[in-house]
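These notes are about the structure you will find just below.
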Amino acid sequence: SAVAKYPEQFAGFKEGSCKDVGYTVADGQKTIKIPVWGKTFTIDLFKQTARVAAESGADVAIYKVGYPVAGECGQGSVDSAVAKYPEQFAGFKEGSCKDVGYTVADGQKTIKIPVWGKTFTIDLFKQQSVVV
């Protein structure tokens, strides 16, 4: 296409598909407005399977409802090699808050992990309120 060179040149896109680089699990869509050009563009999102992510050492998303803020969902990204620890010892699950209906971004909170002593930034999400 005549305009395909622009996302490659200015935004770091590469020709091909997500499947070509191991991202095969559909994960929704996102519509963005292209700066300067002003047109909207819908991007199909894909993620790696949990197995592929674990083998590659890639980060995986984990979430927990009600943590660290009651009534919200906290989500973070950790190396797949250590994701089992917050899942096993703190009740996190692999995936995103969006997977369980928390879709409205509500800031971030940095917490200190007990015993380990490192800090971890968690993205907070709340459920969309329904107006009646």
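Each chain in the structure tokens gets a letter, A, B and so on, in the order shown; residues start at 1 in every chain, and ligands are counted from 1 in the order they appear.
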* Residues within 8 Å of Ile43 of chain A, only C-alpha atoms, excluding chain neighbours under 5 positions, as a list in words ->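 Listing them by chain and then by number gives Gln29, Lys30, Thr31 and Ile32 of chain A.
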Output file for the selection above: all heavy atoms, as a PDB file, in the first residue's frame:
ATOM      1  N   GLN A  29      -9.116  -5.349  20.428  1.00  0.00           N
ATOM      2  CA  GLN A  29      -8.724  -4.314  19.476  1.00  0.00           C
ATOM      3  C   GLN A  29      -8.559  -2.994  20.212  1.00  0.00           C
ATOM      4  O   GLN A  29      -9.085  -2.811  21.300  1.00  0.00           O
ATOM      5  CB  GLN A  29      -9.794  -4.113  18.403  1.00  0.00           C
ATOM      6  CG  GLN A  29      -9.977  -5.275  17.472  1.00  0.00           C
ATOM      7  CD  GLN A  29     -11.004  -4.965  16.398  1.00  0.00           C
ATOM      8  OE1 GLN A  29     -12.031  -4.350  16.654  1.00  0.00           O
ATOM      9  NE2 GLN A  29     -10.729  -5.409  15.185  1.00  0.00           N
ATOM     10  N   LYS A  30      -7.829  -2.084  19.593  1.00  0.00           N
ATOM     11  CA  LYS A  30      -7.686  -0.739  20.130  1.00  0.00           C
ATOM     12  C   LYS A  30      -7.736   0.231  18.955  1.00  0.00           C
ATOM     13  O   LYS A  30      -7.061   0.026  17.953  1.00  0.00           O
ATOM     14  CB  LYS A  30      -6.371  -0.586  20.891  1.00  0.00           C
ATOM     15  CG  LYS A  30      -6.231   0.775  21.532  1.00  0.00           C
ATOM     16  CD  LYS A  30      -5.071   0.821  22.486  1.00  0.00           C
ATOM     17  CE  LYS A  30      -5.088   2.159  23.195  1.00  0.00           C
ATOM     18  NZ  LYS A  30      -4.189   2.196  24.318  1.00  0.00           N
ATOM     19  N   THR A  31      -8.557   1.252  19.090  1.00  0.00           N
ATOM     20  CA  THR A  31      -8.647   2.270  18.057  1.00  0.00           C
ATOM     21  C   THR A  31      -7.859   3.481  18.524  1.00  0.00           C
ATOM     22  O   THR A  31      -8.043   3.959  19.647  1.00  0.00           O
ATOM     23  CB  THR A  31     -10.114   2.648  17.787  1.00  0.00           C
ATOM     24  OG1 THR A  31     -10.803   1.466  17.361  1.00  0.00           O
ATOM     25  CG2 THR A  31     -10.220   3.708  16.700  1.00  0.00           C
ATOM     26  N   ILE A  32      -6.963   3.941  17.663  1.00  0.00           N
ATOM     27  CA  ILE A  32      -6.133   5.090  18.005  1.00  0.00           C
ATOM     28  C   ILE A  32      -6.284   6.169  16.941  1.00  0.00           C
ATOM     29  O   ILE A  32      -6.659   5.883  15.805  1.00  0.00           O
ATOM     30  CB  ILE A  32      -4.640   4.694  18.137  1.00  0.00           C
ATOM     31  CG1 ILE A  32      -4.119   4.088  16.823  1.00  0.00           C
ATOM     32  CG2 ILE A  32      -4.428   3.744  19.291  1.00  0.00           C
ATOM     33  CD1 ILE A  32      -2.630   3.873  16.791  1.00  0.00           C
TER      34      ILE A  32
END
* Write out as a ChimeraX atom specification each polymer residue whose atoms come within 12 Å of segment 72-82 of chain A, counting only C-alpha atoms; drop sequence neighbours fewer than 5 positions from it. => /A:48-67,87-89,91-111,119-128
* All alpha helix (DSSP H) residues (DSSP, backbone) inside chain A, as an MDAnalysis selection string -> chainID A and resid 5:11 50:56 84:90
Residues of the last selection are to be written out with N, CA and C atoms, as a short mmCIF file (atom, residue, chain, number, x, y, z; two decimals), in the first residue's frame.
data_model
loop_
_atom_site.label_atom_id
_atom_site.label_comp_id
_atom_site.auth_asym_id
_atom_site.auth_seq_id
_atom_site.Cartn_x
_atom_site.Cartn_y
_atom_site.Cartn_z
N LYS A 5 4.50 2.46 4.33
CA LYS A 5 5.86 2.83 4.74
C LYS A 5 5.87 3.77 5.94
N TYR A 6 4.82 4.54 6.15
CA TYR A 6 4.82 5.53 7.22
C TYR A 6 4.81 4.92 8.62
N PRO A 7 3.93 3.95 8.91
CA PRO A 7 4.02 3.33 10.25
C PRO A 7 5.35 2.62 10.47
N GLU A 8 5.91 2.07 9.40
CA GLU A 8 7.20 1.41 9.53
C GLU A 8 8.29 2.44 9.80
N GLN A 9 8.25 3.54 9.08
CA GLN A 9 9.29 4.56 9.17
C GLN A 9 9.20 5.38 10.46
N PHE A 10 7.98 5.73 10.88
CA PHE A 10 7.84 6.67 11.99
C PHE A 10 7.36 6.05 13.30
N ALA A 11 6.83 4.84 13.28
CA ALA A 11 6.27 4.28 14.51
C ALA A 11 6.84 2.91 14.88
N ALA A 50 0.57 -18.72 27.04
CA ALA A 50 1.32 -18.76 28.30
C ALA A 50 2.57 -19.62 28.15
N ARG A 51 2.47 -20.71 27.41
CA ARG A 51 3.62 -21.60 27.22
C ARG A 51 4.74 -20.91 26.47
N VAL A 52 4.41 -20.21 25.39
CA VAL A 52 5.42 -19.51 24.59
C VAL A 52 6.06 -18.42 25.42
N ALA A 53 5.25 -17.67 26.16
CA ALA A 53 5.79 -16.60 27.00
C ALA A 53 6.75 -17.16 28.04
N ALA A 54 6.39 -18.27 28.66
CA ALA A 54 7.25 -18.87 29.68
C ALA A 54 8.57 -19.35 29.08
N GLU A 55 8.51 -19.92 27.90
CA GLU A 55 9.72 -20.42 27.26
C GLU A 55 10.63 -19.28 26.81
N SER A 56 10.05 -18.15 26.46
CA SER A 56 10.85 -17.05 25.93
C SER A 56 11.36 -16.12 27.02
N LYS A 84 4.82 -17.46 38.74
CA LYS A 84 4.19 -18.47 39.59
C LYS A 84 4.17 -18.06 41.06
N TYR A 85 5.09 -17.21 41.50
CA TYR A 85 5.15 -16.85 42.91
C TYR A 85 3.98 -15.97 43.35
N PRO A 86 3.69 -14.85 42.66
CA PRO A 86 2.51 -14.09 43.08
C PRO A 86 1.22 -14.86 42.86
N GLU A 87 1.22 -15.77 41.90
CA GLU A 87 0.03 -16.60 41.69
C GLU A 87 -0.14 -17.58 42.85
N GLN A 88 0.95 -18.21 43.25
CA GLN A 88 0.90 -19.24 44.29
C GLN A 88 0.74 -18.65 45.69
N PHE A 89 1.45 -17.56 45.99
CA PHE A 89 1.48 -17.06 47.36
C PHE A 89 0.60 -15.84 47.62
N ALA A 90 0.15 -15.16 46.58
CA ALA A 90 -0.62 -13.93 46.81
C ALA A 90 -1.97 -13.92 46.10
#
* Distance in Å - atom CA of Gly16 of chain A versus atom CA of Phe41 of chain A -> 17.1 Å
* Tell me, in Å to one decimal, how far atom CA of Gly22 of chain A is from atom CA of Ala4 of chain A. => 21.9 Å
* Asked: What does the distance from atom CA of Thr24 of chain A to atom CA of Ala83 of chain A come to in Å, to one decimal?
  -> 20.5 Å
* To do: Give the strand (DSSP E) residues of chain A, as assigned by DSSP on the backbone, as a PyMOL selection string.
  => chain A and resi 25-33+40-47+59-65+73-79+93-94+104-112+119-126
